[in-house]
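Asker: Got a structure for you, questions after.
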Amino acid sequence: MQAELKAIEQRLLWLSHWMIHHANHIRPKVDGIKVGGHQASSASMVSILTALYFSALRPEDRVAVKPHAGPLFHAMQYLMGNLDRAKMENFRGYGGVQSYPSRTKDTDDVDFSTGSVGLGVAITAFASLIQDYVRAKPWGADVAPGRMIALMGDAELDEGNIHECLQEGWKHGLRNCWWIVDYNRQSLDGVVQEGLWSRIEGLFTAFGWEVVRLKHGVLQRAAFAEPGGERLRAWIDSCPNDLYSALTYEGGAVWRAQLMEDLGDQGEVNALIGRRSDEELALLMENLGGNCVDTMAEAFAAVDHDRPTCFLAYTVKGWGTPIAGHKDNHGGLMTKAQMADWQRRMGVPEGQEWEPFAGVADPEALRRFLRSVPFFAAGPRRMTDAPLAVPPIALTSEREISTQAAFGKILDELARGDSPLAARIVTTSPDVTGTTGLGPWVNRRGLFARAARADRFRERRIASTAKWDAGPEGQHIELGIAEMNLFLTLGAAGLSHALFGRRLIPVGTVYDPFVCRGLDALNYACYQDARFLIAGTPSGVTLAPEGGAHQSISTPLIGMAQDGLAAFEPAFVDELSVIMEWAFDYLQRDGHEGRDPRTWLRDATGGSVYLRLTTNPLEQPGRRHDDAFRQGAVDGGYWLRPPGSNCEVVIAYQGAVAPEAIRAAGQMAEARRDVGVLAVTSADRLNAGWTAAQRARALGETGASALVERLLADVPRDCLIVTVIDGHPATLAWLGGVRGHRTLSLGVEHFGQTGTIGDLYRHFGIDARSIVERVSGLTEGRRIPARA
């Protein structure tokens with residue numbers, strides 16, 4: 001197998017580098033910038049990737065490939081016949097293979113999208129936790145346990161989410177997880193700190209990981225066994241990173257001069273060095289553990305346990321190429337002259353650059369070997385699972401209640417039942433389970449743990465609202481206070497159907513302002529089309545006594561801007577019920593890209609859902625069952641008080657300020673002919689439908705009409721639209737542009753402070769009286785003093 005692995009390694013090295021070279025130096029250029037592609041970062045990992053995929057992996061294993069090694073991944077798929085040449089030739093072009101591996105944009109078998117630094121690493125730990133969760137259930141016991149593996153650069157260990165993930169993994173007894181560190185000791189801007197390896201080892205050891213340090217390849221280990229070899233080993237182990245990199249770039253003759261100066265003894269060391277030509281000496285000194293396919297294959301095969309394992313593989317950045325070791329090679333490219341010389345050295349004939357087996361001594365033997373590789377034998381590994389039926393959700397209330405409390409009651413009702421959907425719901429929260437409405441659900445469904453663990457307070461009959469027994473049957477994963485971990489857990493659980501063939505319905509809760517703490521991981525989860533429901537609660541300055549540190553301003557805009565996430569902010573319980581019933585179905589959809597001509601939204605494709613909820617109990621509007629209300633709540637808006645033909649003012653509100661908007665409308669109606677009230681449940685969906693309809697009309701579909709356009713169609717042209725939200729006013733300010741209405745947008749633009757809800761609503765001018773005064777000031781020309 002050694003010969004086959006070496007042949008594969010060389011083919012992957014060539015194909016990945018030729019693909020990058022072709023994109024930058026041969027393919028016609030449209031823009032005046034380089035295409036890029038990270039040749040050096042691919043080269044440092046080629047031996048690792050070869051040994052992993054072609055000797056160690058099984059079909060049930062899943063891998064997050066280092067972003068800058070993406071060209072290697074695509075070259076591997078091309079070699080295996082899973083990717084066509086046109087895609088390779090269009091690397092980083094429109095419709096070609098992506099810069100970094102992408103589940104949704106690439107056509108080859110990508111397990112985890114990578115690109116946002118560190119997140120592709122950390123999600124493998126949470127995928128392993130989710131795998132344990134699935135296998136602990138009766139409906140998932142037959143899932144074969146795979147290893148969740150991350151290929152990572154050493155600079156990714158600077159990312160804080162890595163450290164947060166390690167601690168969470170330790171809490172949950174992480175297993176079946178490998179992280180392989182490409183320790184090339186170079187980052188984008190230079191050479192890394194001396195001695196970093198000891199800190200890395202200490203970090204992983206502290207959290208219970210096995211650490212396998214792979215510093216020397218087979219050539220070096222053989223040299224160390226020769227007379228004088230121990231002195232060579234000592235020199236290599238003590239050589240500063242920047243000097244080792246520089247000598248690698250300068251080549252064999254310079255290696256010889258440096259070694260003779262530092263080690264020359266007119267004896268054993270001289271003889272050891274003298275037995276090798278300049279080229280052989282360079283190969284020896286560059287034969288670090290991570291650049292030796294045999295060493296890596298042996299290390300992978302030696303693991304006979306399921307404990308989390310970190311492989312610290314020493315490599316040379318740009319290994320095997322003319323730019324190896326240069327400190328500027330991260331974004332560097334081989335010149336045309338360098339590539340031509342390297343092509344001759346690689347034995348690739350001119351005109352056969354794209355041939356998968358060019359230069360291979362026995363192509364048929366290599367093809368036979370490739371057909372026998374276990375990882376690829378099962379074919380594509382993108383799984384699926386049947387959608388789950390959603391039971392009716394019809395929570396209503398005749399009393400005052402908050403949307404956060406209603407959210408908890410809806411989940412509690414599901415927990416009481418035995419629907420297949422309830423069995424697949426998994427909830428999670430970063431240490432705010434009880435304060436975000438999940439407590440009743442956990443009381444009924446329990447915490448997840450691989451081994452049973454009793455609630456001591458419950459055992460001892462000490463009164464507590466939380467009755468949290470833990471065990472394999474539990475359906476809540478409790479996390480520490482790290483929102484990055486929350487969204488990575490939701491991301492992993494939201495891919496369970498594709499990774500493990502068992503669908504989960506992940507539901508997470510977080511304090512709404514702290515959505516921002518995990519925003520990179522939220523974006524990452526959406527980028528790879530993970531499916532989950534996240535409730536941000538409590539939200540806004542409506543959380544009045546908590547002050548500005550716990551009040552949110554920008555989250556409605558985040559909900560609108562985040563691709564793959566449908567954002568809602570219902571005010572009333574019946575709205576929330578309708579939205580959650582729809583959401584549980586929406587999470588499971590996987591249809592075509594086409595848009596619904598009723599809304600111009602891409603609902604058939606599905607996605608994740610964000611609910612912005614609050615703790616303020618509101619008086620409920622009574623029972624409403626009409627289809628227009630139900631459909632409007634899901635689509636984004638409906639008329640709570642339709643405008644007449646003489647309407648002078650429309651108040652459009654979203655979320656908790658509903659009572660203020662309704663009260664203001666009632667007060668204004670005493671002096672005005674007509675005041676309309678538009679209930680907006682999702683500015684996100686209204687806006688998305690509007691922009692999509694505009695694009696459709698620009699492309700010739702003259703009949704395209706969005707819901708918001710139809711809602712505002714009968715509003716008189718000279719009517720004033722007042723928008724109100726406990727959040728940034730830009731969330732709804734765009735409504736005036738739909739039909740060209742004059743618009744007054746009210747909301748919160750600055751950090752809040754402590755006080756009552758009334759205090760803060762008045763301070764920011766979003767209470768009923770302020771709304772009336774601002775409208776009067778506009779229509780009657782009176783100056784209203786600013787409050788915020």
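Naming scheme: A, B, ... for chains in displayed order of the structure tokens; residues 1 onward per chain; ligands 1 onward as shown.
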Would you mind listing what lies within 9 Å of Val675 in chain A as a list in words, with only C-alpha atoms counted and same-chain residues fewer than 6 positions away left out?
Answerer: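 The residues satisfying every condition are Arg641, Pro642, Pro643, Gly644, Asn646, Cys647, Glu648, Val649, Val650, Ile651, Ala665, Gly666, Met668 and Ala669 of chain A.
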Asker: Pull N, CA and C atoms from the residues just selected and write them as a tab-separated table (two decimals), in the first residue's frame.
Answerer:
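What landed in again_26.tsv:
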chain	number	residue	atom	x	y	z
A	641	ARG	N	-56.43	46.37	11.79
A	641	ARG	CA	-57.50	47.35	11.59
A	641	ARG	C	-57.33	47.88	10.16
A	642	PRO	N	-58.09	47.35	9.21
A	642	PRO	CA	-57.89	47.73	7.81
A	642	PRO	C	-58.14	49.22	7.58
A	643	PRO	N	-57.40	49.82	6.66
A	643	PRO	CA	-57.60	51.24	6.35
A	643	PRO	C	-58.82	51.43	5.46
A	644	GLY	N	-59.50	52.56	5.63
A	644	GLY	CA	-60.59	52.90	4.74
A	644	GLY	C	-60.09	53.75	3.58
A	646	ASN	N	-60.45	56.82	3.12
A	646	ASN	CA	-60.01	58.15	3.55
A	646	ASN	C	-58.94	58.08	4.64
A	647	CYS	N	-58.24	56.98	4.69
A	647	CYS	CA	-57.26	56.77	5.77
A	647	CYS	C	-56.18	57.86	5.74
A	648	GLU	N	-55.91	58.44	6.90
A	648	GLU	CA	-54.88	59.48	7.02
A	648	GLU	C	-53.58	58.95	7.61
A	649	VAL	N	-53.69	57.96	8.49
A	649	VAL	CA	-52.51	57.42	9.18
A	649	VAL	C	-52.63	55.90	9.26
A	650	VAL	N	-51.52	55.23	8.98
A	650	VAL	CA	-51.40	53.78	9.22
A	650	VAL	C	-50.27	53.58	10.22
A	651	ILE	N	-50.55	52.84	11.27
A	651	ILE	CA	-49.50	52.47	12.22
A	651	ILE	C	-49.13	51.01	11.96
A	665	ALA	N	-53.52	54.29	17.95
A	665	ALA	CA	-54.51	54.34	16.87
A	665	ALA	C	-55.88	54.71	17.39
A	666	GLY	N	-56.25	54.17	18.54
A	666	GLY	CA	-57.54	54.50	19.13
A	666	GLY	C	-57.63	55.97	19.51
A	668	MET	N	-55.88	58.48	18.18
A	668	MET	CA	-55.88	59.31	16.97
A	668	MET	C	-57.22	59.23	16.25
A	669	ALA	N	-57.88	58.08	16.35
A	669	ALA	CA	-59.14	57.90	15.62
A	669	ALA	C	-60.23	58.84	16.12
Asker: Which of range 692-752 of chain A counts as strand (DSSP E) under DSSP, as an NGL selection string please?
Answerer: :A and (720-725 or 742-746)
Asker: Looking at only C-alpha atoms, which of A:Ala661, A:Ala463, A:Ala571, A:Val426 is the one that sits closest to Gln475 in chain A?
Answerer: A:Val426
Asker: Give me, as a ChimeraX atom specification, all polymer residues having an atom no more than 9 Å from Thr107 in chain A, counting only C-alpha atoms and skipping those fewer than 5 positions away in the same chain.
Answerer: /A:82-83,97,102
Asker: Next, the residues of the selection above should be written as a CSV table (one decimal), in the first residue's frame with C-alpha atoms.
Answerer:
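Once written, out15.csv looks like this:
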chain,number,residue,atom,x,y,z
A,82,ASN,CA,-16.6,12.2,-8.6
A,83,LEU,CA,-15.9,15.6,-10.1
A,97,VAL,CA,-15.6,24.4,-7.4
A,102,SER,CA,-19.1,24.0,0.8
Asker: Under the rule of at most 12 Å, produce a per-residue listing of range 83-184 of chain A near range 482-494 of chain A: chain, number, name, the closest pair of atoms, and the distance in Å, as a tab-separated table, using only C-alpha atoms.
Answerer:
residue	atom	partner	partner_atom	distance
A:Asp111	CA	A:Ala492	CA	10.9
A:Phe112	CA	A:Ala492	CA	9.3
A:Ser113	CA	A:Gly491	CA	11.0
A:Gly118	CA	A:Met484	CA	11.0
A:Leu119	CA	A:Leu488	CA	7.7
A:Gly120	CA	A:Leu488	CA	9.3
A:Val121	CA	A:Leu488	CA	10.3
A:Ala122	CA	A:Leu488	CA	7.4
A:Ile123	CA	A:Leu488	CA	5.6
A:Thr124	CA	A:Ala492	CA	7.9
A:Ala125	CA	A:Thr489	CA	8.9
A:Phe126	CA	A:Thr489	CA	5.4
A:Ala127	CA	A:Ala492	CA	5.0
A:Ser128	CA	A:Ala492	CA	8.6
A:Leu129	CA	A:Thr489	CA	8.5
A:Ile130	CA	A:Ala493	CA	6.0
A:Gln131	CA	A:Ala493	CA	8.7
A:Asp132	CA	A:Ala493	CA	11.1
A:Tyr133	CA	A:Ala493	CA	9.4
A:Val134	CA	A:Ala493	CA	9.4
A:Met148	CA	A:Ala492	CA	11.1
A:Glu159	CA	A:Met484	CA	11.4
A:Gly160	CA	A:Met484	CA	9.4
A:Asn161	CA	A:Met484	CA	6.5
A:Ile162	CA	A:Asn485	CA	9.5
A:His163	CA	A:Asn485	CA	10.3
A:Glu164	CA	A:Ala482	CA	6.9
A:Cys165	CA	A:Asn485	CA	6.3
A:Leu166	CA	A:Asn485	CA	10.0
A:Gln167	CA	A:Asn485	CA	10.1
A:Glu168	CA	A:Asn485	CA	7.8
A:Gly169	CA	A:Asn485	CA	9.9
Asker: Can you write just those residues out, C-alpha atoms, as a short mmCIF file (atom, residue, chain, number, x, y, z; two decimals), in the first residue's frame?
Answerer:
data_model
loop_
_atom_site.label_atom_id
_atom_site.label_comp_id
_atom_site.auth_asym_id
_atom_site.auth_seq_id
_atom_site.Cartn_x
_atom_site.Cartn_y
_atom_site.Cartn_z
CA ASP A 111 -19.41 16.72 4.94
CA PHE A 112 -18.98 20.11 6.64
CA SER A 113 -18.61 23.52 5.05
CA GLY A 118 -12.13 27.54 13.53
CA LEU A 119 -15.84 26.84 13.19
CA GLY A 120 -15.38 23.92 10.81
CA VAL A 121 -13.12 22.40 13.45
CA ALA A 122 -15.41 22.91 16.43
CA ILE A 123 -18.55 21.61 14.72
CA THR A 124 -17.01 18.14 14.48
CA ALA A 125 -17.03 17.90 18.29
CA PHE A 126 -20.70 18.83 18.42
CA ALA A 127 -21.45 16.44 15.55
CA SER A 128 -19.91 13.68 17.66
CA LEU A 129 -22.14 14.69 20.59
CA ILE A 130 -25.19 14.65 18.31
CA GLN A 131 -24.16 11.24 17.00
CA ASP A 132 -24.14 9.95 20.58
CA TYR A 133 -27.55 11.52 21.10
CA VAL A 134 -29.01 9.84 18.02
CA MET A 148 -15.90 13.16 13.38
CA GLU A 159 -9.67 31.20 17.62
CA GLY A 160 -11.60 31.53 20.87
CA ASN A 161 -14.38 29.18 19.75
CA ILE A 162 -11.85 26.33 19.72
CA HIS A 163 -11.19 26.79 23.43
CA GLU A 164 -14.90 27.13 24.27
CA CYS A 165 -15.58 23.94 22.34
CA LEU A 166 -12.88 21.95 24.14
CA GLN A 167 -14.38 22.76 27.52
CA GLU A 168 -17.90 21.83 26.42
CA GLY A 169 -16.62 18.59 24.94
#
Asker: Out of A:Glu201, A:Pro617, A:Ala733, A:Glu569, which residue has the shortest atom-to-atom distance to Leu543 in chain A when counting only C-alpha atoms?
Answerer: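 Of all the options, A:Pro617 lies closest to Leu543 in chain A.
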Asker: Determine, counting only C-alpha atoms, which protein, DNA and RNA residues have an atom within 6 Å of an atom of range 36-40 of chain A; residues of the same chain fewer than 4 positions away are not included. Present the result as a PDB file with N, CA and C atoms, in the first residue's frame.
Answerer:
ATOM      1  N   HIS A  17      -2.402  21.839  -7.434  1.00  0.00           N
ATOM      2  CA  HIS A  17      -1.596  23.002  -7.789  1.00  0.00           C
ATOM      3  C   HIS A  17      -1.830  23.429  -9.236  1.00  0.00           C
ATOM      4  N   ILE A  20      -5.037  25.477  -9.415  1.00  0.00           N
ATOM      5  CA  ILE A  20      -4.831  26.854  -8.960  1.00  0.00           C
ATOM      6  C   ILE A  20      -4.052  27.642 -10.000  1.00  0.00           C
ATOM      7  N   HIS A  68      -8.133  26.086   3.518  1.00  0.00           N
ATOM      8  CA  HIS A  68      -7.118  26.338   2.507  1.00  0.00           C
ATOM      9  C   HIS A  68      -6.608  25.065   1.845  1.00  0.00           C
ATOM     10  N   LYS A 317       5.184  24.207   5.091  1.00  0.00           N
ATOM     11  CA  LYS A 317       4.193  24.888   4.257  1.00  0.00           C
ATOM     12  C   LYS A 317       4.745  25.026   2.840  1.00  0.00           C
ATOM     13  N   GLY A 318       4.008  24.517   1.868  1.00  0.00           N
ATOM     14  CA  GLY A 318       4.476  24.497   0.487  1.00  0.00           C
ATOM     15  C   GLY A 318       5.317  23.282   0.176  1.00  0.00           C
ATOM     16  N   HIS A 330       1.885  32.010   1.973  1.00  0.00           N
ATOM     17  CA  HIS A 330       0.487  31.699   2.298  1.00  0.00           C
ATOM     18  C   HIS A 330      -0.448  32.033   1.128  1.00  0.00           C
ATOM     19  N   GLY A 331      -0.325  33.243   0.626  1.00  0.00           N
ATOM     20  CA  GLY A 331      -1.152  33.632  -0.511  1.00  0.00           C
ATOM     21  C   GLY A 331      -0.359  33.670  -1.802  1.00  0.00           C
TER      22      GLY A 331
END
Asker: With distances taken over only C-alpha atoms, which residue among A:Thr509, A:Gln2, A:Ser608, A:Thr599 lies nearest Gln631 in chain A?
Answerer: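 Closest candidate: A:Thr599.
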Asker: Looking at A:Leu49, A:Leu522, A:Val117, A:Ile477, which one is nearest to Pro506 in chain A, with distances taken over only C-alpha atoms?
Answerer: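 Of A:Leu49, A:Leu522, A:Val117, A:Ile477, the one nearest Pro506 in chain A is A:Ile477, counting only C-alpha atoms.
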Asker: Take CA of Pro374 in chain A and CA of Arg11 in chain A and report the distance between them in Å, one decimal.
Answerer: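 Result for CA of Pro374 in chain A versus CA of Arg11 in chain A: 19.4 Å, one decimal.
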Asker: I need the residues of range 216-379 of chain A that end up classed as helix (DSSP H, G or I) by DSSP on the backbone, written out as number ranges by chain.
Answerer: A: 218-224, 229-238, 241-250, 252-263, 268-274, 278-285, 289-291, 293-301, 336-346, 363-371, 374-377
Asker: Please, what distance in Å, to one decimal, runs between CA of Arg135 in chain A and CA of Val507 in chain A?
Answerer: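 Value for the CA of Arg135 in chain A-CA of Val507 in chain A distance: 19.1 Å.
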Asker: Which polymer residues have any atom within 8 Å of an atom of Ile757 in chain A, counting only C-alpha atoms, with same-chain residues fewer than 5 positions away left out, as a list of chain:residue names?
Answerer: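 Using only C-alpha atoms, the neighbours found are A:Val541, A:Thr542, A:Leu543, A:Ala544, A:Pro545.
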Asker: Figure out the distance between CA of Asp242 in chain A and CA of Glu261 in chain A, please, to one decimal in Å.
Answerer: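 The value is 17.9 Å.
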Asker: Counting only C-alpha atoms, which residues in range 529-595 of chain A sit no more than 9 Å from range 685-700 of chain A? For each one, give the nearest pair of atoms and the distance in Å, sorted by chain then residue number, as a tab-separated table.
Answerer:
residue	atom	partner	partner_atom	distance
A:Met560	CA	A:Arg685	CA	7.9
A:Ala566	CA	A:Arg685	CA	6.9
A:Ala567	CA	A:Arg685	CA	7.4
A:Phe568	CA	A:Arg685	CA	8.2
A:Arg595	CA	A:Ala692	CA	8.7
Asker: Residues of the last selection are to be written out with N, CA and C atoms, as a compact mmCIF listing (two decimals), in the first residue's frame.
Answerer:
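File produced: out-v3.txt:
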# COMPACT_ATOMS: atom_id res chain seq x y z
N MET A 560 -33.30 39.92 9.55
CA MET A 560 -33.62 40.25 8.15
C MET A 560 -32.45 39.95 7.22
N ALA A 566 -35.46 32.48 8.54
CA ALA A 566 -36.71 33.24 8.50
C ALA A 566 -36.97 33.80 9.88
N ALA A 567 -37.03 35.14 10.00
CA ALA A 567 -37.14 35.79 11.30
C ALA A 567 -38.56 36.28 11.56
N PHE A 568 -39.06 36.01 12.75
CA PHE A 568 -40.40 36.43 13.16
C PHE A 568 -40.34 37.13 14.52
N ARG A 595 -40.01 30.12 -6.55
CA ARG A 595 -40.69 30.99 -5.59
C ARG A 595 -42.20 30.81 -5.69
Asker: Counting only C-alpha atoms, which of A:Phe500, A:Trp639, A:Trp600, A:Tyr761 gets nearest to Gly140 in chain A?
Answerer: A:Phe500
Asker: Each residue of range 523-550 of chain A lying at most 10 Å from range 574-584 of chain A should get a row with its shortest atom-to-atom pair and the distance in Å to one decimal, counting only C-alpha atoms; could you produce that, ordered by chain and increasing number, as a tab-separated table?
Answerer:
residue	atom	partner	partner_atom	distance
A:Arg531	CA	A:Phe584	CA	9.9
A:Phe532	CA	A:Phe584	CA	8.9
A:Leu533	CA	A:Ala583	CA	7.7
Asker: Fewer than 6 positions away in the same chain doesn't count, so skip those; otherwise give me all residues within 6 Å of Ser429 in chain A, counting only C-alpha atoms, as a list in words.
Answerer: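 My list of contacting residues is Glu478, Leu479, Gly508 and Thr509 of chain A.
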